[in-house]
>>> print(open('start_2.tsv').read())   # TSV, N, CA and C atoms
chain	number	residue	atom	x	y	z
T	1	MET	N	-36.64	-20.97	-13.31
T	1	MET	CA	-35.38	-21.61	-13.61
T	1	MET	C	-34.38	-20.54	-14.00
T	2	LYS	N	-33.16	-20.80	-13.63
T	2	LYS	CA	-32.07	-19.92	-14.05
T	2	LYS	C	-30.86	-20.77	-14.37
T	3	LEU	N	-29.94	-20.20	-15.11
T	3	LEU	CA	-28.71	-20.91	-15.46
T	3	LEU	C	-27.78	-20.93	-14.26
T	4	THR	N	-27.09	-22.04	-14.05
T	4	THR	CA	-26.19	-22.16	-12.90
T	4	THR	C	-24.94	-21.32	-13.13
T	5	ASP	N	-24.28	-20.98	-12.03
T	5	ASP	CA	-23.07	-20.16	-12.10
T	5	ASP	C	-21.94	-20.88	-12.85
T	6	SER	N	-21.81	-22.18	-12.64
T	6	SER	CA	-20.74	-22.92	-13.32
T	6	SER	C	-20.95	-22.95	-14.83
T	7	PHE	N	-22.21	-23.08	-15.25
T	7	PHE	CA	-22.50	-23.05	-16.68
T	7	PHE	C	-22.24	-21.67	-17.26
T	8	MET	N	-22.65	-20.63	-16.54
T	8	MET	CA	-22.44	-19.26	-17.03
T	8	MET	C	-20.95	-18.91	-17.11
T	9	GLU	N	-20.14	-19.46	-16.22
T	9	GLU	CA	-18.70	-19.22	-16.26
T	9	GLU	C	-18.11	-19.77	-17.56
T	10	LEU	N	-18.51	-20.97	-17.94
T	10	LEU	CA	-18.05	-21.54	-19.21
T	10	LEU	C	-18.53	-20.70	-20.39
T	11	TYR	N	-19.76	-20.26	-20.33
T	11	TYR	CA	-20.33	-19.49	-21.44
T	11	TYR	C	-19.63	-18.13	-21.58
T	12	ARG	N	-19.38	-17.46	-20.46
T	12	ARG	CA	-18.72	-16.14	-20.50
T	12	ARG	C	-17.30	-16.22	-21.04
T	13	ASN	N	-16.61	-17.31	-20.74
T	13	ASN	CA	-15.22	-17.46	-21.17
T	13	ASN	C	-15.10	-18.06	-22.57
T	14	ASN	N	-16.21	-18.19	-23.26
T	14	ASN	CA	-16.23	-18.79	-24.60
T	14	ASN	C	-15.63	-20.20	-24.61
T	15	ASN	N	-15.78	-20.90	-23.50
T	15	ASN	CA	-15.31	-22.29	-23.40
T	15	ASN	C	-16.50	-23.24	-23.44
T	16	PHE	N	-17.45	-22.92	-24.21
T	16	PHE	CA	-18.69	-23.67	-24.25
T	16	PHE	C	-18.59	-24.79	-25.27
T	17	THR	N	-17.86	-25.84	-24.91
T	17	THR	CA	-17.71	-27.00	-25.79
T	17	THR	C	-18.08	-28.25	-25.00
T	18	GLY	N	-18.33	-29.32	-25.71
T	18	GLY	CA	-18.66	-30.58	-25.07
T	18	GLY	C	-17.53	-31.07	-24.18
T	19	GLU	N	-16.29	-30.84	-24.62
T	19	GLU	CA	-15.12	-31.25	-23.84
T	19	GLU	C	-15.06	-30.51	-22.51
T	20	LYS	N	-15.29	-29.20	-22.54
T	20	LYS	CA	-15.26	-28.40	-21.31
T	20	LYS	C	-16.41	-28.78	-20.38
T	21	LEU	N	-17.55	-29.10	-20.95
T	21	LEU	CA	-18.68	-29.54	-20.11
T	21	LEU	C	-18.33	-30.84	-19.39
T	22	ARG	N	-17.65	-31.75	-20.08
T	22	ARG	CA	-17.23	-33.00	-19.45
T	22	ARG	C	-16.17	-32.77	-18.39
T	23	GLU	N	-15.23	-31.83	-18.66
T	23	GLU	CA	-14.19	-31.52	-17.67
T	23	GLU	C	-14.78	-30.99	-16.37
T	24	LYS	N	-15.81	-30.18	-16.49
T	24	LYS	CA	-16.47	-29.58	-15.32
T	24	LYS	C	-17.55	-30.50	-14.73
T	25	ASN	N	-17.71	-31.68	-15.32
T	25	ASN	CA	-18.74	-32.64	-14.90
T	25	ASN	C	-20.15	-32.04	-14.94
T	26	LEU	N	-20.41	-31.29	-16.00
T	26	LEU	CA	-21.74	-30.68	-16.18
T	26	LEU	C	-22.54	-31.52	-17.17
T	27	SER	N	-23.72	-31.88	-16.77
T	27	SER	CA	-24.64	-32.55	-17.68
T	27	SER	C	-25.83	-31.62	-17.91
T	28	TRP	N	-26.76	-32.03	-18.71
T	28	TRP	CA	-27.92	-31.18	-19.00
T	28	TRP	C	-28.72	-30.91	-17.73
T	29	VAL	N	-28.63	-31.79	-16.74
T	29	VAL	CA	-29.35	-31.61	-15.48
T	29	VAL	C	-28.72	-30.49	-14.66
T	30	ASP	N	-27.43	-30.25	-14.83
T	30	ASP	CA	-26.70	-29.26	-14.04
T	30	ASP	C	-26.70	-27.87	-14.66
T	31	ILE	N	-27.33	-27.68	-15.79
T	31	ILE	CA	-27.31	-26.39	-16.46
T	31	ILE	C	-28.30	-25.42	-15.83
T	32	PHE	N	-29.46	-25.91	-15.41
T	32	PHE	CA	-30.49	-25.05	-14.81
T	32	PHE	C	-30.63	-25.35	-13.33
T	33	GLU	N	-30.98	-24.32	-12.58
T	33	GLU	CA	-31.35	-24.53	-11.18
T	33	GLU	C	-32.70	-23.87	-10.92
T	34	GLU	N	-33.43	-24.46	-10.04
T	34	GLU	CA	-34.78	-24.00	-9.77
T	34	GLU	C	-34.74	-22.83	-8.79
T	35	ILE	N	-35.53	-21.82	-9.06
T	35	ILE	CA	-35.68	-20.71	-8.12
T	35	ILE	C	-37.14	-20.65	-7.72
T	36	HIS	N	-37.37	-20.28	-6.49
T	36	HIS	CA	-38.72	-20.20	-5.97
T	36	HIS	C	-39.22	-18.77	-6.06
T	37	ILE	N	-40.46	-18.64	-6.48
T	37	ILE	CA	-41.08	-17.32	-6.56
T	37	ILE	C	-42.39	-17.34	-5.80
T	38	LYS	N	-42.81	-16.19	-5.38
T	38	LYS	CA	-44.09	-16.06	-4.70
T	38	LYS	C	-44.93	-15.07	-5.50
T	39	VAL	N	-46.11	-15.50	-5.89
T	39	VAL	CA	-47.01	-14.66	-6.66
T	39	VAL	C	-48.13	-14.22	-5.75
T	40	SER	N	-48.41	-12.93	-5.75
T	40	SER	CA	-49.51	-12.44	-4.94
T	40	SER	C	-50.38	-11.51	-5.79
T	41	ASN	N	-51.63	-11.44	-5.41
T	41	ASN	CA	-52.59	-10.60	-6.12
T	41	ASN	C	-52.76	-9.26	-5.42
T	42	SER	N	-53.12	-8.26	-6.21
T	42	SER	CA	-53.43	-6.97	-5.61
T	42	SER	C	-54.76	-7.08	-4.86
T	43	ALA	N	-55.06	-6.09	-4.06
T	43	ALA	CA	-56.28	-6.11	-3.26
T	43	ALA	C	-57.52	-6.13	-4.14
T	44	ILE	N	-57.49	-5.42	-5.26
T	44	ILE	CA	-58.67	-5.37	-6.12
T	44	ILE	C	-58.93	-6.72	-6.78
T	45	ILE	N	-57.87	-7.42	-7.17
T	45	ILE	CA	-58.03	-8.75	-7.76
T	45	ILE	C	-58.53	-9.73	-6.71
T	46	SER	N	-58.01	-9.63	-5.50
T	46	SER	CA	-58.48	-10.51	-4.42
T	46	SER	C	-59.96	-10.28	-4.16
T	47	ALA	N	-60.40	-9.02	-4.18
T	47	ALA	CA	-61.81	-8.72	-3.98
T	47	ALA	C	-62.65	-9.28	-5.12
T	48	PHE	N	-62.17	-9.15	-6.35
T	48	PHE	CA	-62.89	-9.69	-7.50
T	48	PHE	C	-63.00	-11.20	-7.41
T	49	MET	N	-61.92	-11.87	-7.06
T	49	MET	CA	-61.94	-13.32	-6.96
T	49	MET	C	-62.86	-13.79	-5.84
T	50	THR	N	-62.95	-13.02	-4.77
T	50	THR	CA	-63.87	-13.36	-3.69
T	50	THR	C	-65.30	-13.21	-4.16
T	51	GLU	N	-65.54	-12.17	-4.97
T	51	GLU	CA	-66.89	-11.94	-5.49
T	51	GLU	C	-67.31	-13.05	-6.44
T	52	ARG	N	-66.38	-13.54	-7.23
T	52	ARG	CA	-66.67	-14.65	-8.15
T	52	ARG	C	-66.58	-15.95	-7.37
T	53	GLU	N	-67.67	-16.41	-6.89
T	53	GLU	CA	-67.68	-17.61	-6.05
T	53	GLU	C	-67.31	-18.84	-6.89
T	54	ALA	N	-66.57	-19.73	-6.26
T	54	ALA	CA	-66.11	-20.92	-6.96
T	54	ALA	C	-67.26	-21.87	-7.31
T	55	ASP	N	-68.33	-21.84	-6.54
T	55	ASP	CA	-69.43	-22.76	-6.80
T	55	ASP	C	-70.41	-22.23	-7.85
T	56	THR	N	-70.17	-21.03	-8.37
T	56	THR	CA	-71.01	-20.48	-9.42
T	56	THR	C	-70.62	-21.14	-10.74
T	57	PRO	N	-71.55	-21.82	-11.39
T	57	PRO	CA	-71.18	-22.49	-12.64
T	57	PRO	C	-70.91	-21.49	-13.76
T	58	VAL	N	-70.01	-21.84	-14.62
T	58	VAL	CA	-69.69	-21.02	-15.79
T	58	VAL	C	-70.74	-21.34	-16.85
T	59	THR	N	-71.33	-20.31	-17.39
T	59	THR	CA	-72.36	-20.50	-18.41
T	59	THR	C	-71.80	-20.17	-19.79
T	60	GLN	N	-72.56	-20.53	-20.80
T	60	GLN	CA	-72.15	-20.23	-22.17
T	60	GLN	C	-72.05	-18.72	-22.38
T	61	CYS	N	-72.89	-17.98	-21.69
T	61	CYS	CA	-72.86	-16.51	-21.79
T	61	CYS	C	-71.50	-15.97	-21.37
T	62	ASP	N	-70.91	-16.58	-20.34
T	62	ASP	CA	-69.59	-16.14	-19.89
T	62	ASP	C	-68.55	-16.33	-20.98
T	63	TYR	N	-68.64	-17.44	-21.71
T	63	TYR	CA	-67.70	-17.69	-22.80
T	63	TYR	C	-67.99	-16.78	-24.00
T	64	ASP	N	-69.25	-16.47	-24.23
T	64	ASP	CA	-69.61	-15.63	-25.36
T	64	ASP	C	-69.02	-14.23	-25.23
T	65	ARG	N	-68.82	-13.78	-24.02
T	65	ARG	CA	-68.24	-12.45	-23.82
T	65	ARG	C	-66.81	-12.38	-24.32
T	66	LEU	N	-66.17	-13.51	-24.44
T	66	LEU	CA	-64.78	-13.54	-24.89
T	66	LEU	C	-64.65	-13.62	-26.41
T	67	GLN	N	-65.74	-13.80	-27.11
T	67	GLN	CA	-65.70	-13.93	-28.56
T	67	GLN	C	-65.32	-12.60	-29.22
T	68	LEU	N	-64.53	-12.68	-30.26
T	68	LEU	CA	-64.10	-11.47	-30.96
T	68	LEU	C	-65.14	-10.95	-31.95
T	69	SER	N	-66.24	-11.65	-32.09
T	69	SER	CA	-67.28	-11.18	-33.01
T	69	SER	C	-67.90	-9.88	-32.52
T	70	THR	N	-67.72	-9.54	-31.27
T	70	THR	CA	-68.25	-8.29	-30.74
T	70	THR	C	-67.25	-7.15	-30.86
T	71	LYS	N	-66.17	-7.38	-31.56
T	71	LYS	CA	-65.11	-6.38	-31.67
T	71	LYS	C	-65.61	-5.05	-32.25
T	72	PRO	N	-66.38	-5.02	-33.35
T	72	PRO	CA	-66.84	-3.73	-33.87
T	72	PRO	C	-67.66	-2.94	-32.85
T	73	GLN	N	-68.50	-3.62	-32.12
T	73	GLN	CA	-69.32	-2.95	-31.11
T	73	GLN	C	-68.42	-2.40	-30.00
T	74	MET	N	-67.44	-3.17	-29.61
T	74	MET	CA	-66.52	-2.71	-28.56
T	74	MET	C	-65.73	-1.49	-29.03
T	75	GLU	N	-65.32	-1.48	-30.29
T	75	GLU	CA	-64.58	-0.34	-30.82
T	75	GLU	C	-65.43	0.93	-30.81
T	76	ARG	N	-66.69	0.78	-31.18
T	76	ARG	CA	-67.58	1.96	-31.14
T	76	ARG	C	-67.75	2.47	-29.73
T	77	ASN	N	-67.86	1.56	-28.76
T	77	ASN	CA	-68.02	1.98	-27.38
T	77	ASN	C	-66.78	2.68	-26.86
T	78	VAL	N	-65.62	2.22	-27.28
T	78	VAL	CA	-64.38	2.85	-26.84
T	78	VAL	C	-64.24	4.23	-27.47
T	79	ASP	N	-64.67	4.36	-28.74
T	79	ASP	CA	-64.60	5.68	-29.40
T	79	ASP	C	-65.50	6.66	-28.67
>>> encode(input="start_2.tsv", output="structure tokens")
Amino acid sequence: MKLTDSFMELYRNNNFTGEKLREKNLSWVDIFEEIHIKVSNSAIISAFMTEREADTPVTQCDYDRLQLSTKPQMERNVD
């Protein structure tokens, strides 16, 4: 989402009042406009995602790796 040009014109000119919004026929729907984006993964991420098959069930062990209780051990390994 981005702010529309007509809204930004009012804002830049310090004419940002309810009266000016009504004069320009701007409502809350007209303040933002949708922009389209395309997200793509790098080759290494695509390879990793291919390796992680969708039909492989997630186990409790997978969630345990995310726990912060292993933080001291991780710090020692990094040192």
>>> atom_distance(input="start_2.tsv", atom1="atom C of T:Leu3", atom2="atom C of T:Lys20")
15.1 Å
>>> atom_distance(input="start_2.tsv", atom1="atom CA of T:Met8", atom2="atom N of T:Asn25")
13.4 Å
>>> atom_distance(input="start_2.tsv", atom1="atom CA of T:Arg12", atom2="atom CA of T:Val29")
19.4 Å
>>> closest_residue(input="start_2.tsv", among="T:Glu19, T:Glu75, T:Asp30, T:Glu51", to="T:Phe7", atoms="all atoms listed in the file")
T:Asp30
>>> axis_aligned_box(input="start_2.tsv", around="stretch 21-31 of chain T", padding_each_side="3 Å", output="JSON")
{"center_x": -21.8, "center_y": -29.2, "center_z": -17.5, "size_x": 21.2, "size_y": 13.6, "size_z": 12.9}
>>> select_by_dssp(input="start_2.tsv", residues="stretch 6-62 of chain T", states="helix (DSSP H, G or I)", output="VMD selection string")
chain T and resid 6 to 12 18 to 23 28 to 30 43 to 51 60 to 62
>>> closest_residue(input="start_2.tsv", among="T:Val78, T:Ile37, T:Ala43, T:Ile31", to="T:Thr4", atoms="only C-alpha atoms")
T:Ile31
>>> build_atoms(input="start_2.tsv", residues="stretch 39-50 of chain T", atoms="all heavy atoms", output="PDB file, in the coordinates of the input")
ATOM      1  N   VAL T  39     -46.110 -15.500  -5.890  1.00  0.00           N
ATOM      2  CA  VAL T  39     -47.010 -14.660  -6.660  1.00  0.00           C
ATOM      3  C   VAL T  39     -48.130 -14.220  -5.750  1.00  0.00           C
ATOM      4  O   VAL T  39     -48.740 -15.036  -5.059  1.00  0.00           O
ATOM      5  CB  VAL T  39     -47.581 -15.435  -7.873  1.00  0.00           C
ATOM      6  CG1 VAL T  39     -48.552 -14.579  -8.656  1.00  0.00           C
ATOM      7  CG2 VAL T  39     -46.456 -15.934  -8.763  1.00  0.00           C
ATOM      8  N   SER T  40     -48.410 -12.930  -5.750  1.00  0.00           N
ATOM      9  CA  SER T  40     -49.510 -12.440  -4.940  1.00  0.00           C
ATOM     10  C   SER T  40     -50.380 -11.510  -5.790  1.00  0.00           C
ATOM     11  O   SER T  40     -49.919 -10.910  -6.750  1.00  0.00           O
ATOM     12  CB  SER T  40     -48.988 -11.703  -3.708  1.00  0.00           C
ATOM     13  OG  SER T  40     -48.185 -10.615  -4.104  1.00  0.00           O
ATOM     14  N   ASN T  41     -51.630 -11.440  -5.410  1.00  0.00           N
ATOM     15  CA  ASN T  41     -52.590 -10.600  -6.120  1.00  0.00           C
ATOM     16  C   ASN T  41     -52.760  -9.260  -5.420  1.00  0.00           C
ATOM     17  O   ASN T  41     -52.594  -9.165  -4.203  1.00  0.00           O
ATOM     18  CB  ASN T  41     -53.960 -11.289  -6.178  1.00  0.00           C
ATOM     19  CG  ASN T  41     -53.953 -12.504  -7.053  1.00  0.00           C
ATOM     20  OD1 ASN T  41     -53.230 -12.570  -8.032  1.00  0.00           O
ATOM     21  ND2 ASN T  41     -54.754 -13.488  -6.695  1.00  0.00           N
ATOM     22  N   SER T  42     -53.120  -8.260  -6.210  1.00  0.00           N
ATOM     23  CA  SER T  42     -53.430  -6.970  -5.610  1.00  0.00           C
ATOM     24  C   SER T  42     -54.760  -7.080  -4.860  1.00  0.00           C
ATOM     25  O   SER T  42     -55.510  -8.041  -5.026  1.00  0.00           O
ATOM     26  CB  SER T  42     -53.525  -5.895  -6.694  1.00  0.00           C
ATOM     27  OG  SER T  42     -54.633  -6.157  -7.536  1.00  0.00           O
ATOM     28  N   ALA T  43     -55.060  -6.090  -4.060  1.00  0.00           N
ATOM     29  CA  ALA T  43     -56.280  -6.110  -3.260  1.00  0.00           C
ATOM     30  C   ALA T  43     -57.520  -6.130  -4.140  1.00  0.00           C
ATOM     31  O   ALA T  43     -58.506  -6.825  -3.839  1.00  0.00           O
ATOM     32  CB  ALA T  43     -56.313  -4.904  -2.326  1.00  0.00           C
ATOM     33  N   ILE T  44     -57.490  -5.420  -5.260  1.00  0.00           N
ATOM     34  CA  ILE T  44     -58.670  -5.370  -6.120  1.00  0.00           C
ATOM     35  C   ILE T  44     -58.930  -6.720  -6.780  1.00  0.00           C
ATOM     36  O   ILE T  44     -60.065  -7.151  -6.933  1.00  0.00           O
ATOM     37  CB  ILE T  44     -58.572  -4.226  -7.152  1.00  0.00           C
ATOM     38  CG1 ILE T  44     -59.939  -3.984  -7.777  1.00  0.00           C
ATOM     39  CG2 ILE T  44     -57.539  -4.514  -8.206  1.00  0.00           C
ATOM     40  CD1 ILE T  44     -60.147  -2.597  -8.277  1.00  0.00           C
ATOM     41  N   ILE T  45     -57.870  -7.420  -7.170  1.00  0.00           N
ATOM     42  CA  ILE T  45     -58.030  -8.750  -7.760  1.00  0.00           C
ATOM     43  C   ILE T  45     -58.530  -9.730  -6.710  1.00  0.00           C
ATOM     44  O   ILE T  45     -59.387 -10.563  -6.990  1.00  0.00           O
ATOM     45  CB  ILE T  45     -56.702  -9.232  -8.385  1.00  0.00           C
ATOM     46  CG1 ILE T  45     -56.333  -8.373  -9.577  1.00  0.00           C
ATOM     47  CG2 ILE T  45     -56.780 -10.689  -8.784  1.00  0.00           C
ATOM     48  CD1 ILE T  45     -57.320  -8.414 -10.727  1.00  0.00           C
ATOM     49  N   SER T  46     -58.010  -9.630  -5.500  1.00  0.00           N
ATOM     50  CA  SER T  46     -58.480 -10.510  -4.420  1.00  0.00           C
ATOM     51  C   SER T  46     -59.960 -10.280  -4.160  1.00  0.00           C
ATOM     52  O   SER T  46     -60.721 -11.236  -3.955  1.00  0.00           O
ATOM     53  CB  SER T  46     -57.688 -10.261  -3.147  1.00  0.00           C
ATOM     54  OG  SER T  46     -56.340 -10.600  -3.349  1.00  0.00           O
ATOM     55  N   ALA T  47     -60.400  -9.020  -4.180  1.00  0.00           N
ATOM     56  CA  ALA T  47     -61.810  -8.720  -3.980  1.00  0.00           C
ATOM     57  C   ALA T  47     -62.650  -9.280  -5.120  1.00  0.00           C
ATOM     58  O   ALA T  47     -63.722  -9.851  -4.898  1.00  0.00           O
ATOM     59  CB  ALA T  47     -62.021  -7.214  -3.863  1.00  0.00           C
ATOM     60  N   PHE T  48     -62.170  -9.150  -6.350  1.00  0.00           N
ATOM     61  CA  PHE T  48     -62.890  -9.690  -7.500  1.00  0.00           C
ATOM     62  C   PHE T  48     -63.000 -11.200  -7.410  1.00  0.00           C
ATOM     63  O   PHE T  48     -64.057 -11.771  -7.668  1.00  0.00           O
ATOM     64  CB  PHE T  48     -62.171  -9.294  -8.793  1.00  0.00           C
ATOM     65  CG  PHE T  48     -62.746  -9.939 -10.017  1.00  0.00           C
ATOM     66  CD1 PHE T  48     -63.949  -9.498 -10.539  1.00  0.00           C
ATOM     67  CD2 PHE T  48     -62.083 -10.984 -10.642  1.00  0.00           C
ATOM     68  CE1 PHE T  48     -64.482 -10.094 -11.668  1.00  0.00           C
ATOM     69  CE2 PHE T  48     -62.615 -11.581 -11.763  1.00  0.00           C
ATOM     70  CZ  PHE T  48     -63.819 -11.139 -12.279  1.00  0.00           C
ATOM     71  N   MET T  49     -61.920 -11.870  -7.060  1.00  0.00           N
ATOM     72  CA  MET T  49     -61.940 -13.320  -6.960  1.00  0.00           C
ATOM     73  C   MET T  49     -62.860 -13.790  -5.840  1.00  0.00           C
ATOM     74  O   MET T  49     -63.496 -14.833  -5.949  1.00  0.00           O
ATOM     75  CB  MET T  49     -60.511 -13.857  -6.726  1.00  0.00           C
ATOM     76  CG  MET T  49     -59.588 -13.594  -7.892  1.00  0.00           C
ATOM     77  SD  MET T  49     -60.165 -14.287  -9.444  1.00  0.00           S
ATOM     78  CE  MET T  49     -59.911 -16.007  -9.149  1.00  0.00           C
ATOM     79  N   THR T  50     -62.950 -13.020  -4.770  1.00  0.00           N
ATOM     80  CA  THR T  50     -63.870 -13.360  -3.690  1.00  0.00           C
ATOM     81  C   THR T  50     -65.300 -13.210  -4.160  1.00  0.00           C
ATOM     82  O   THR T  50     -66.171 -14.007  -3.810  1.00  0.00           O
ATOM     83  CB  THR T  50     -63.611 -12.454  -2.471  1.00  0.00           C
ATOM     84  OG1 THR T  50     -62.251 -12.602  -2.073  1.00  0.00           O
ATOM     85  CG2 THR T  50     -64.511 -12.806  -1.310  1.00  0.00           C
TER      86      THR T  50
END
